[in-house]
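Working notes, structure below.
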Amino acid sequence: MTPNQSESFSKESEVPATMRAVVIREHGGPEKLSIENVPPPVPNQGEVLIKVEATALNHLDVFVREGLKGPGVHPIHLPHVSGVDIVGRIVKYGKDKPMHRELPEIGDRVVINPAIGCNECRWCRMGEPSMCPNYTILGEHSWGGLAEYVAAPARNIMKVPDHISSELAAAVPVAYTTAWRGVMTVAGVKPSDRVLVVGASGGLGSAQVEIAKAAGATVIGIASTEEKRRKVIEKGADEVFDSTGDWQADVMKWTDGRGVSIVFDSVGAPTMRRSLNTLEMNGKLVLSGATGGDNPDLSIREIYQWHRKILGAPLGNWEDFLQVTELVWKGKLKPSIHSVYPLDEIAEAQIALEKRRHFGKIVIKVSPN
């Protein structure tokens, strides 16, 4: 920030009595999203208050709005404000600013890693908050960034370089950290691997394509329209097949019947069995979501007879977050932003996400940069 910008922000940084927020008071469709004036959060000890500039959407926002239920899903306490991928400027720290590491200053623009652990259990001490028994996600279990202000743990923020826009930075935390977790940390993709990405046009899928290709692998994508397939090729894929056709047969033919080493599937129930059966002997199926449903029709024999492995790769840890942000800041990874909507058009933005009209990320402009 320039001195004039810093002075201006300081003058504007008094927290108002109310803020605009997208509030969910009952579960249902996009019509349940209500833009209201509500009190802003107050940062507790160890937290920071951020004035939000941009928040990218995820299917998690739709699940929260609908009231997703099932294994591993915590109940959503209403009223609620979702929004997981958050970028904004620091307004103030809660009581006793944490001293465990150098932290950004008031007025600095930061991005939030939304994965929150207890910071005390065995898994947290190993740097794995998503394995913590008390694991929560900012925007799912606590109020998130579809509001003018958000409170977050100070240890979860990272300064955003001046040359990176807030919209671009907001496209990173969930999609790219999860993609890095799956592709590099869990699957350990190598140049000799043949990789299949199901749902390659979404925020997560397009990131998986980009990272797997950067790791040197041969990459095949699955996408629904000609335009999306073209963009997946632009992301680096070697081939892309139509999701509305017999893509399992297409993949097997393209690989001369050998199949692929690794499949990344975040669609779930509608595609998982086909994903499994494109794998070669000893292949890996990596799951990072279930946007299409979480109760697939599977044959156990199709798993063990071919020595196949099914691996979970949810939102990554701080090291995963650090690796992808560094590569985005350096321009070596380039998140795709489909569109930017103002906060007032949140319902339209979520409809576009649900109907899968997008390639890459949909971002909400919460307040001016």
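Residue names in the structure tokens use chain letters A, B, ... in the order shown, residue numbers from 1 in each chain, and ligand numbers from 1 in the order shown.
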
Neighbours of Pro314 in chain A within 7 Å (only C-alpha atoms; same-chain residues fewer than 2 positions away dropped), as a PDB file with all heavy atoms, in the first residue's frame?
```pdb
ATOM      1  N   THR A 178      -6.560 -27.998  -2.310  1.00  0.00           N
ATOM      2  CA  THR A 178      -7.081 -29.363  -2.404  1.00  0.00           C
ATOM      3  C   THR A 178      -6.445 -30.100  -3.583  1.00  0.00           C
ATOM      4  O   THR A 178      -6.088 -31.288  -3.478  1.00  0.00           O
ATOM      5  CB  THR A 178      -8.608 -29.352  -2.550  1.00  0.00           C
ATOM      6  OG1 THR A 178      -9.180 -28.659  -1.440  1.00  0.00           O
ATOM      7  CG2 THR A 178      -9.170 -30.758  -2.601  1.00  0.00           C
ATOM      8  N   SER A 288     -11.739 -36.189  -3.764  1.00  0.00           N
ATOM      9  CA  SER A 288     -11.647 -34.923  -3.043  1.00  0.00           C
ATOM     10  C   SER A 288     -13.003 -34.243  -2.904  1.00  0.00           C
ATOM     11  O   SER A 288     -13.079 -33.083  -2.502  1.00  0.00           O
ATOM     12  CB  SER A 288     -10.680 -33.972  -3.760  1.00  0.00           C
ATOM     13  OG  SER A 288      -9.371 -34.497  -3.754  1.00  0.00           O
ATOM     14  N   GLY A 312      -8.432 -40.723   0.028  1.00  0.00           N
ATOM     15  CA  GLY A 312      -9.110 -39.460   0.290  1.00  0.00           C
ATOM     16  C   GLY A 312      -8.117 -38.317   0.314  1.00  0.00           C
ATOM     17  O   GLY A 312      -7.011 -38.445   0.842  1.00  0.00           O
ATOM     18  N   GLY A 316      -6.143 -29.334   1.877  1.00  0.00           N
ATOM     19  CA  GLY A 316      -4.783 -29.616   2.311  1.00  0.00           C
ATOM     20  C   GLY A 316      -4.347 -28.862   3.559  1.00  0.00           C
ATOM     21  O   GLY A 316      -5.091 -28.071   4.140  1.00  0.00           O
TER      22      GLY A 316
END
```

Residues near range 284-287 of chain A, cut-off 8 Å, only C-alpha atoms, skip fewer than 2 positions along chain, as JSON, numbers by chain: {"A": [182, 187, 261, 262, 263, 264, 265, 266, 268, 275, 276, 279, 282, 289, 290, 308, 309, 310, 311, 312, 313, 314]}

Contacts of range 351-355 of chain A within 8 Å, only C-alpha atoms, excl. fewer than 5 positions in-chain, as an MDAnalysis selection string: chainID A and resid 30 57:59 62 362

Residue nearest Val84 in chain A among A:Gly117, A:Pro173, A:Pro368, A:Gly245 (counting only C-alpha atoms): A:Pro173

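Nearest-residue note for His338 in chain A: choosing from A:Ile364, A:Val110, A:Ala17, A:Val64, the minimum distance belongs to A:Ile364, counting only C-alpha atoms.
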